[in-house]
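The structure appears right after this line, and notes come after that.
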Amino acid sequence: MKSIAILLMICICAHNATAQQYKLYSPNEKIQVSISNSKALRWSVTLNSQRVINEGPISMTLLNGDVWGETKITSAKSEAKSEKITALNYKKQIIDDSYNQLTLQFRGNYAVIFRAYNEGVAYRFVANRKDSITIKNENVSFNFDGDHYAYVPYVNDPHQKDQFQCSFENNYFHLKLSDIDKDTLSFAPVLVELPGNAKAAITEADLEDYPGMFLQAGKQSGSLNGVFAPAPVAELQGGHNNLQSFVTQRAAYIAKTNGKRNFPWRVLIISEADKDLLNNDMIYKLASPSRVEDTSWIKPGKVAWDWWNDWNISGVDFRSGINTATYKYYTDFASANKIENILLDEGWASSTDIMSIVPEVNLQEIIDYGKSKNVGVWLWGGWLPLDKQLDHALSTYSKMGVKGFKIDFMDRDDQRMVQFYYRFARKAAEYKLLVDFHGAFKPTGLQRTYPNVLNFEGVRGLENVKWSNTDFPLYDCSVPFIRMLAGPLDYTPGAMRNANKSDFRAMYSIPMSQGTRCHQLALYVIFESPFEMLADNPTIYMKEKECVEFMAKVPTTFDETVALDGKVGEFAAIARKKGTSWYIGAITNWNNRELSIDLSFLSEDQQYEAEIFQDGINADREGSDYKKIIKTVSAKDKLKLNLASGGGWAAMIYPKK
């Protein structure tokens, strides 16, 4: 009650003051948002009285010259909310949605809403006009109080030399804010280090009918500013197999949109300890609720995947590749190991005509064979060919029995592309089809609004080991604290050829992973991915039955998540619960390390059996070396984990019979 009373008193008194100043506190009162409106709307944020961001402007400029954020506040309303969200296809069943909110109404028929959570802050513009509006630009500023270090993913290899057209994949560069390249855009989330081990992550939520936010170093020291792709005016088909669409001309505005709407949330996630970032729910909480009434048909799960392993099965009497016999082989493997789906990746249909199936593939036969084995079939498709005949394609393949689509090569987040995401998600739901957005920008909550959307890429996934010498153990130990804040990711783990740092080679057709076998197994627990792939080929997996059994058993959605320990770029340890069983994963960078895992999250009155996969004694030399042990554990135990260089540790813990 104390926080609510303070919230109300300060807001009302400040409104009556000439300067129009307001303060908003998080429920635990550790985070404070200060808002002022003297000629221009400005905000600042503190954590435990330590300044996080200094005052910075908030505004939205319309093409007609109106500037929202530079008019007078006509009313202020403060409220406190504490509710429970029942999540679907998520890392937990119940989410605590507690926050304090301040709504400022402005002259000119618009408002700005601020929210303060215990784990961060957010604000959004709200329009209340009858006619459509055109947004020329939006001023989003994060003026940090010091030249802090940050983890920055620059735009990498932009298409047509246009930074707004990119894959949204890159390593994290750890550098001071003053050293960020001012001519290069970064994509969110960006994580900034604060004094006393605290962190602040910048991203956005509830992005709809509006371009996504890039970040760029500002002129002011320590500042990061939002940058938005201007709306496309003209496009040209081209790119990979002629299935992409490149913007060749852009408008003098970023969005034409409805005059009565909510704009995206600008989000600053704040943590006092690194491990807290491993279990953050802000994006899900800020997203619009589900628009799919019947969700009973939405079934996440695992998938046997063909592309990463280059269809390299062996020991068969047919030529492996994109053909019916190969996909029946994948189906047999999936069925034998209780893997719910197979995926036909690129090549099953014409690149530019999604309705033209290649002669070597009898799709209906594969689907029917899968049904007889209780295995679903997913299809890959480029976004542009699908969008050109959306209803026809989804209707046809849904009737054939296809379960879902993996959509690829969007590589943009301008307004038109964001519209495509919503259009495709909505149409797919109508035809009871699931969706995996590959070639995608980071998630912003669409998976809550349309729960048939299970995954997004926007991550430098395992596919990159086929051609890149990226430091993957370092990257893997950064992703859970940064990219995963935005939502689930299509990273595609599961490599069975595992190499140490000196022996790794990038190979396209017979790829290997960096780090140990247990590192790969642990990723099935660490990474959030309701639609999780097994990237390697069935022939290899059949020789590794213990590992396949573990990967198949780990759920892809959970009832509860516990962040155990972690440090950005160094290591991460997470426990997740499904039913009465727990699943634990821990990974490290190239530094071997010892961790202690406290099992106090287990039920106190229950004995458990733990199936543990740990790095073998020679795992630092032979990455596939591991040891499986079974032991009895309880809530009183603390387990000592020894992780090899690039290593991992994974366990299934279930009640002892």
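Naming scheme: A, B, ... for chains in displayed order of the structure tokens; residues 1 onward per chain; ligands 1 onward as shown.
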DSSP-assigned strand (DSSP E or B) members of segment 341-399 of chain A, reported as a ChimeraX atom specification: /A:341-344,349,357,376-382
Skipping near chain neighbours, those fewer than 3 positions away, what residues fall within 10 Å of segment 327-331 of chain A using only C-alpha atoms, listed as a tab-separated table (two decimals) with N, CA and C atoms, in the first residue's frame?
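The resulting file, out-v7.tsv, is shown below:
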```tsv
chain	number	residue	atom	x	y	z
A	303	VAL	N	11.62	-31.30	-33.83
A	303	VAL	CA	11.56	-31.58	-35.27
A	303	VAL	C	12.91	-32.14	-35.74
A	304	ALA	N	12.86	-33.21	-36.52
A	304	ALA	CA	14.04	-33.72	-37.21
A	304	ALA	C	14.23	-32.90	-38.47
A	305	TRP	N	15.44	-32.32	-38.62
A	305	TRP	CA	15.68	-31.28	-39.64
A	305	TRP	C	16.72	-31.76	-40.64
A	306	ASP	N	16.54	-31.38	-41.88
A	306	ASP	CA	17.37	-31.89	-42.97
A	306	ASP	C	18.50	-30.98	-43.42
A	311	TRP	N	21.36	-33.36	-45.71
A	311	TRP	CA	20.72	-34.62	-46.11
A	311	TRP	C	21.73	-35.78	-46.16
A	313	ILE	N	22.55	-38.64	-44.87
A	313	ILE	CA	22.33	-39.95	-44.25
A	313	ILE	C	23.15	-40.99	-45.02
A	316	VAL	N	22.07	-46.55	-46.50
A	316	VAL	CA	20.76	-46.81	-47.11
A	316	VAL	C	20.97	-47.21	-48.57
A	320	SER	N	20.44	-40.32	-51.07
A	320	SER	CA	19.84	-39.37	-50.12
A	320	SER	C	19.80	-37.98	-50.71
A	321	GLY	N	18.80	-37.23	-50.31
A	321	GLY	CA	18.63	-35.87	-50.81
A	321	GLY	C	17.20	-35.43	-50.68
A	322	ILE	N	16.80	-34.48	-51.49
A	322	ILE	CA	15.44	-33.93	-51.42
A	322	ILE	C	14.54	-34.85	-52.24
A	323	ASN	N	14.09	-35.91	-51.60
A	323	ASN	CA	13.24	-36.88	-52.27
A	323	ASN	C	12.39	-37.62	-51.24
A	324	THR	N	11.41	-38.34	-51.73
A	324	THR	CA	10.43	-39.00	-50.86
A	324	THR	C	11.09	-40.03	-49.95
A	334	ALA	N	12.24	-40.04	-36.59
A	334	ALA	CA	11.45	-39.22	-35.68
A	334	ALA	C	10.47	-40.09	-34.89
A	335	SER	N	9.79	-40.99	-35.57
A	335	SER	CA	8.81	-41.85	-34.92
A	335	SER	C	9.45	-42.73	-33.87
A	336	ALA	N	10.60	-43.32	-34.20
A	336	ALA	CA	11.28	-44.23	-33.27
A	336	ALA	C	11.75	-43.53	-32.02
A	337	ASN	N	11.97	-42.21	-32.11
A	337	ASN	CA	12.51	-41.45	-30.97
A	337	ASN	C	11.51	-40.46	-30.38
A	339	ILE	N	9.92	-37.99	-31.63
A	339	ILE	CA	10.09	-36.62	-32.09
A	339	ILE	C	8.87	-36.27	-32.93
A	340	GLU	N	8.25	-35.17	-32.62
A	340	GLU	CA	6.90	-34.91	-33.11
A	340	GLU	C	6.81	-34.57	-34.60
A	341	ASN	N	7.89	-34.05	-35.19
A	341	ASN	CA	7.79	-33.51	-36.55
A	341	ASN	C	9.05	-33.77	-37.37
A	342	ILE	N	8.90	-33.66	-38.69
A	342	ILE	CA	10.03	-33.49	-39.59
A	342	ILE	C	9.80	-32.19	-40.35
A	343	LEU	N	10.88	-31.65	-40.90
A	343	LEU	CA	10.80	-30.41	-41.67
A	343	LEU	C	11.41	-30.62	-43.05
A	344	LEU	N	10.69	-30.26	-44.08
A	344	LEU	CA	11.23	-30.21	-45.43
A	344	LEU	C	11.71	-28.79	-45.67
A	361	VAL	N	9.70	-35.23	-54.99
A	361	VAL	CA	9.00	-35.23	-53.70
A	361	VAL	C	7.51	-35.49	-53.91
A	362	ASN	N	7.02	-36.58	-53.31
A	362	ASN	CA	5.58	-36.84	-53.27
A	362	ASN	C	5.09	-36.38	-51.90
A	363	LEU	N	4.70	-35.13	-51.84
A	363	LEU	CA	4.40	-34.52	-50.55
A	363	LEU	C	3.24	-35.23	-49.85
A	365	GLU	N	2.26	-38.25	-50.08
A	365	GLU	CA	2.73	-39.56	-49.59
A	365	GLU	C	3.55	-39.40	-48.31
A	366	ILE	N	4.38	-38.39	-48.26
A	366	ILE	CA	5.20	-38.14	-47.06
A	366	ILE	C	4.30	-37.77	-45.89
A	367	ILE	N	3.31	-36.90	-46.12
A	367	ILE	CA	2.39	-36.49	-45.05
A	367	ILE	C	1.60	-37.69	-44.53
A	369	TYR	N	2.39	-40.83	-44.75
A	369	TYR	CA	3.33	-41.74	-44.06
A	369	TYR	C	3.61	-41.22	-42.65
A	370	GLY	N	3.77	-39.90	-42.54
A	370	GLY	CA	3.99	-39.31	-41.22
A	370	GLY	C	2.81	-39.53	-40.29
A	371	LYS	N	1.59	-39.37	-40.82
A	371	LYS	CA	0.40	-39.61	-40.00
A	371	LYS	C	0.38	-41.03	-39.47
A	372	SER	N	0.77	-41.99	-40.31
A	372	SER	CA	0.78	-43.39	-39.87
A	372	SER	C	1.81	-43.64	-38.78
A	373	LYS	N	2.79	-42.76	-38.69
A	373	LYS	CA	3.86	-42.89	-37.69
A	373	LYS	C	3.73	-41.86	-36.57
A	374	ASN	N	2.63	-41.08	-36.58
A	374	ASN	CA	2.40	-40.03	-35.58
A	374	ASN	C	3.48	-38.95	-35.64
A	375	VAL	N	3.87	-38.59	-36.85
A	375	VAL	CA	4.89	-37.56	-37.08
A	375	VAL	C	4.30	-36.49	-38.00
A	376	GLY	N	4.34	-35.24	-37.58
A	376	GLY	CA	3.83	-34.14	-38.39
A	376	GLY	C	4.86	-33.66	-39.40
A	377	VAL	N	4.39	-32.99	-40.45
A	377	VAL	CA	5.26	-32.46	-41.51
A	377	VAL	C	5.15	-30.95	-41.56
A	537	ASN	N	22.09	-35.38	-38.50
A	537	ASN	CA	21.34	-36.31	-39.33
A	537	ASN	C	21.00	-37.61	-38.60
A	538	PRO	N	19.93	-38.26	-39.01
A	538	PRO	CA	19.44	-39.46	-38.32
A	538	PRO	C	20.47	-40.58	-38.24
A	539	THR	N	21.32	-40.74	-39.25
A	539	THR	CA	22.31	-41.81	-39.21
A	539	THR	C	23.25	-41.65	-38.03
```
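Ranking A:Ser502, A:Asn37, A:Thr492, A:Asn100 by their shortest atom-to-atom distance to Asn309 of chain A, with only C-alpha atoms included, puts A:Thr492 first.
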Atomic separation - atom CA of Lys275 of chain A relative to atom CA of Tyr151 of chain A, Å: 16.0 Å
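Nearest to Gln160 of chain A of all the residues A:Asn642, A:Ser245, A:Ser350, A:Gln364 is A:Ser245, counting only C-alpha atoms.
Backbone DSSP over segment 307-348 of chain A gives helix (DSSP H, G or I) for Thr324, Ala325, Thr326, Tyr327, Lys328, Tyr329, Tyr330, Thr331, Asp332, Phe333, Ala334, Ser335 and Ala336 of chain A.
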Residues of the last selection are to be written out with N, CA and C atoms, as a PDB file, in the first residue's frame.
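Everything below was put into result14.pdb:
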```
ATOM      1  N   THR A 324      11.411 -38.342 -51.726  1.00  0.00           N
ATOM      2  CA  THR A 324      10.432 -39.001 -50.855  1.00  0.00           C
ATOM      3  C   THR A 324      11.089 -40.034 -49.953  1.00  0.00           C
ATOM      4  N   ALA A 325      12.001 -40.827 -50.486  1.00  0.00           N
ATOM      5  CA  ALA A 325      12.641 -41.874 -49.683  1.00  0.00           C
ATOM      6  C   ALA A 325      13.407 -41.282 -48.507  1.00  0.00           C
ATOM      7  N   THR A 326      14.107 -40.184 -48.743  1.00  0.00           N
ATOM      8  CA  THR A 326      14.876 -39.552 -47.663  1.00  0.00           C
ATOM      9  C   THR A 326      13.953 -39.055 -46.557  1.00  0.00           C
ATOM     10  N   TYR A 327      12.849 -38.432 -46.932  1.00  0.00           N
ATOM     11  CA  TYR A 327      11.961 -37.895 -45.909  1.00  0.00           C
ATOM     12  C   TYR A 327      11.204 -39.005 -45.156  1.00  0.00           C
ATOM     13  N   LYS A 328      10.992 -40.134 -45.784  1.00  0.00           N
ATOM     14  CA  LYS A 328      10.435 -41.276 -45.049  1.00  0.00           C
ATOM     15  C   LYS A 328      11.448 -41.792 -44.032  1.00  0.00           C
ATOM     16  N   TYR A 329      12.719 -41.736 -44.404  1.00  0.00           N
ATOM     17  CA  TYR A 329      13.793 -42.137 -43.486  1.00  0.00           C
ATOM     18  C   TYR A 329      13.818 -41.212 -42.263  1.00  0.00           C
ATOM     19  N   TYR A 330      13.729 -39.896 -42.505  1.00  0.00           N
ATOM     20  CA  TYR A 330      13.655 -38.938 -41.393  1.00  0.00           C
ATOM     21  C   TYR A 330      12.411 -39.209 -40.541  1.00  0.00           C
ATOM     22  N   THR A 331      11.311 -39.552 -41.186  1.00  0.00           N
ATOM     23  CA  THR A 331      10.070 -39.852 -40.465  1.00  0.00           C
ATOM     24  C   THR A 331      10.234 -41.078 -39.581  1.00  0.00           C
ATOM     25  N   ASP A 332      10.861 -42.129 -40.099  1.00  0.00           N
ATOM     26  CA  ASP A 332      11.099 -43.339 -39.303  1.00  0.00           C
ATOM     27  C   ASP A 332      11.945 -43.018 -38.070  1.00  0.00           C
ATOM     28  N   PHE A 333      12.978 -42.207 -38.283  1.00  0.00           N
ATOM     29  CA  PHE A 333      13.827 -41.803 -37.157  1.00  0.00           C
ATOM     30  C   PHE A 333      13.025 -41.019 -36.126  1.00  0.00           C
ATOM     31  N   ALA A 334      12.243 -40.041 -36.590  1.00  0.00           N
ATOM     32  CA  ALA A 334      11.446 -39.225 -35.675  1.00  0.00           C
ATOM     33  C   ALA A 334      10.468 -40.091 -34.892  1.00  0.00           C
ATOM     34  N   SER A 335       9.791 -40.989 -35.573  1.00  0.00           N
ATOM     35  CA  SER A 335       8.808 -41.849 -34.916  1.00  0.00           C
ATOM     36  C   SER A 335       9.455 -42.733 -33.870  1.00  0.00           C
ATOM     37  N   ALA A 336      10.596 -43.316 -34.196  1.00  0.00           N
ATOM     38  CA  ALA A 336      11.278 -44.233 -33.274  1.00  0.00           C
ATOM     39  C   ALA A 336      11.751 -43.525 -32.018  1.00  0.00           C
TER      40      ALA A 336
END
```
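Going from atom CA of Asp387 of chain A over to atom CA of Arg423 of chain A, you cover 9.1 Å.
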Nearest-residue call for Tyr110 of chain A, choices A:Lys628, A:Lys640, A:Lys72, A:His148, using only C-alpha atoms: A:Lys72
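Look at Leu207 of chain A: the protein and nucleic acid residues within 10 Å of it, using only C-alpha atoms and passing over chain neighbours fewer than 2 places away, are Glu204, Ala205, Asp209, Tyr210, Pro211, Gly212, Met213, Asn262, Phe263, Pro264, Trp265, Arg266, Ala287, Ser288, Asp413, Gln415, Val418, Gln419, Tyr422, Pro443, Thr444, Gly445 and Leu446 of chain A.
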Give me a file of those residues, with C-alpha atoms, as a compact mmCIF listing (two decimals), in the first residue's frame.
```txt
# COMPACT_ATOMS: atom_id res chain seq x y z
CA GLU A 204 10.70 -2.96 -27.72
CA ALA A 205 7.38 -4.77 -27.37
CA ASP A 209 1.89 -1.88 -38.14
CA TYR A 210 5.06 0.10 -37.42
CA PRO A 211 8.77 -0.29 -38.18
CA GLY A 212 11.11 -1.95 -35.70
CA MET A 213 13.67 0.02 -33.73
CA ASN A 262 -1.39 2.02 -29.41
CA PHE A 263 2.19 2.40 -30.61
CA PRO A 264 5.00 -0.01 -29.63
CA TRP A 265 6.43 -0.04 -26.13
CA ARG A 266 9.95 1.34 -25.69
CA ALA A 287 2.46 -7.87 -25.65
CA SER A 288 -1.19 -7.80 -26.74
CA ASP A 413 11.50 -4.84 -40.14
CA GLN A 415 6.32 -1.20 -41.64
CA VAL A 418 5.92 -6.03 -39.85
CA GLN A 419 2.50 -6.02 -41.48
CA TYR A 422 0.86 -10.17 -38.53
CA PRO A 443 10.50 -11.11 -31.30
CA THR A 444 8.44 -8.35 -29.68
CA GLY A 445 5.56 -10.40 -28.25
CA LEU A 446 3.83 -11.67 -31.39
```
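From atom CA of Phe125 of chain A back to atom CA of Asp66 of chain A, the distance works out to 14.0 Å.
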Contact check, segment 97-169 of chain A to segment 38-53 of chain A, at most 8 Å, counting only C-alpha atoms, closest pairs as JSON lines:
```
{"residue": "A:Phe142", "atom": "CA", "partner": "A:Ile53", "partner_atom": "CA", "distance": 6.1}
{"residue": "A:Asn143", "atom": "CA", "partner": "A:Ile53", "partner_atom": "CA", "distance": 5.0}
{"residue": "A:Phe144", "atom": "CA", "partner": "A:Ile53", "partner_atom": "CA", "distance": 4.2}
{"residue": "A:Asp145", "atom": "CA", "partner": "A:Ile53", "partner_atom": "CA", "distance": 5.4}
```
Kindly save the residues from that selection, with N, CA and C atoms included, as a JSON list (two decimals), in the first residue's frame.
```json
[["chain", "number", "residue", "atom", "x", "y", "z"],
["A", 142, "PHE", "N", 18.07, 7.13, -25.06],
["A", 142, "PHE", "CA", 18.55, 6.50, -23.82],
["A", 142, "PHE", "C", 19.91, 7.12, -23.51],
["A", 143, "ASN", "N", 19.90, 8.13, -22.64],
["A", 143, "ASN", "CA", 21.11, 8.88, -22.31],
["A", 143, "ASN", "C", 21.72, 8.33, -21.03],
["A", 144, "PHE", "N", 22.63, 7.39, -21.17],
["A", 144, "PHE", "CA", 23.17, 6.72, -20.00],
["A", 144, "PHE", "C", 24.08, 7.63, -19.20],
["A", 145, "ASP", "N", 24.08, 7.39, -17.90],
["A", 145, "ASP", "CA", 24.82, 8.24, -16.96],
["A", 145, "ASP", "C", 26.26, 7.73, -16.83]]
```
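Of the listed residues (A:Lys442, A:His240, A:Ser478, A:Asp310), A:His240 comes nearest to Asp408 of chain A; the distances count only C-alpha atoms.
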Nearby residues (only C-alpha atoms) at most 12 Å from segment 605-611 of chain A, same-chain spacing under 3 positions excluded, as number ranges by chain: A: 546-547, 549-550, 553-554, 580-584, 599-602, 614, 627-637, 639, 649-657
Selection above as a file: C-alpha atoms, as an mmCIF file, in the first residue's frame:
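This went into again-v2.cif:
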```
data_model
loop_
_atom_site.group_PDB
_atom_site.id
_atom_site.type_symbol
_atom_site.label_atom_id
_atom_site.label_comp_id
_atom_site.auth_asym_id
_atom_site.auth_seq_id
_atom_site.Cartn_x
_atom_site.Cartn_y
_atom_site.Cartn_z
ATOM 1 C CA GLU A 546 21.621 -41.830 -25.061
ATOM 2 C CA CYS A 547 21.980 -38.266 -26.301
ATOM 3 C CA GLU A 549 16.847 -39.861 -25.825
ATOM 4 C CA PHE A 550 17.793 -36.871 -23.673
ATOM 5 C CA LYS A 553 12.699 -35.963 -23.604
ATOM 6 C CA VAL A 554 13.449 -32.335 -22.778
ATOM 7 C CA THR A 580 6.857 -33.284 -11.709
ATOM 8 C CA SER A 581 10.215 -33.373 -13.510
ATOM 9 C CA TRP A 582 13.007 -30.811 -13.621
ATOM 10 C CA TYR A 583 15.534 -30.177 -16.379
ATOM 11 C CA ILE A 584 18.823 -28.379 -15.735
ATOM 12 C CA LEU A 599 18.744 -27.981 -5.623
ATOM 13 C CA SER A 600 16.562 -26.237 -3.045
ATOM 14 C CA PHE A 601 13.940 -25.610 -5.763
ATOM 15 C CA LEU A 602 13.005 -29.314 -5.538
ATOM 16 C CA GLN A 614 28.603 -34.310 -17.816
ATOM 17 C CA LYS A 627 29.750 -39.399 -19.088
ATOM 18 C CA LYS A 628 26.209 -40.278 -18.063
ATOM 19 C CA ILE A 629 25.564 -40.963 -14.399
ATOM 20 C CA ILE A 630 22.420 -41.667 -12.400
ATOM 21 C CA LYS A 631 22.193 -40.650 -8.760
ATOM 22 C CA THR A 632 19.660 -39.939 -6.026
ATOM 23 C CA VAL A 633 19.263 -36.269 -5.090
ATOM 24 C CA SER A 634 17.054 -34.114 -2.872
ATOM 25 C CA ALA A 635 16.309 -30.478 -2.164
ATOM 26 C CA LYS A 636 19.086 -30.485 0.439
ATOM 27 C CA ASP A 637 21.812 -31.246 -2.088
ATOM 28 C CA LEU A 639 25.804 -30.440 -6.955
ATOM 29 C CA TRP A 649 26.206 -30.067 -18.114
ATOM 30 C CA ALA A 650 22.637 -31.303 -18.449
ATOM 31 C CA ALA A 651 20.272 -33.302 -16.281
ATOM 32 C CA MET A 652 16.758 -34.681 -16.013
ATOM 33 C CA ILE A 653 15.527 -34.935 -12.427
ATOM 34 C CA TYR A 654 12.315 -36.811 -11.670
ATOM 35 C CA PRO A 655 10.602 -38.187 -8.540
ATOM 36 C CA LYS A 656 12.062 -41.483 -7.429
ATOM 37 C CA LYS A 657 9.618 -44.380 -7.557
#
```
Neighbour list for Glu544 of chain A as a PyMOL selection string, cut-off 12 Å, only C-alpha atoms, skip fewer than 6 positions in-chain: chain A and resi 337+494-497+517+536-538+550-551+624-626
Give me, as a Markdown table, the closest atom pair and its distance (Å, one decimal) for every residue of segment 556-641 of chain A within a cut-off of 12 Å of segment 482-491 of chain A, counting only C-alpha atoms, rows sorted by chain and rising number.
```
| residue | atom | partner | partner_atom | distance |
| --- | --- | --- | --- | --- |
| A:Thr556 | CA | A:Pro488 | CA | 10.3 |
| A:Thr557 | CA | A:Pro488 | CA | 10.4 |
| A:Lys567 | CA | A:Ile482 | CA | 11.4 |
| A:Val568 | CA | A:Ile482 | CA | 8.4 |
| A:Gly569 | CA | A:Ile482 | CA | 9.9 |
```
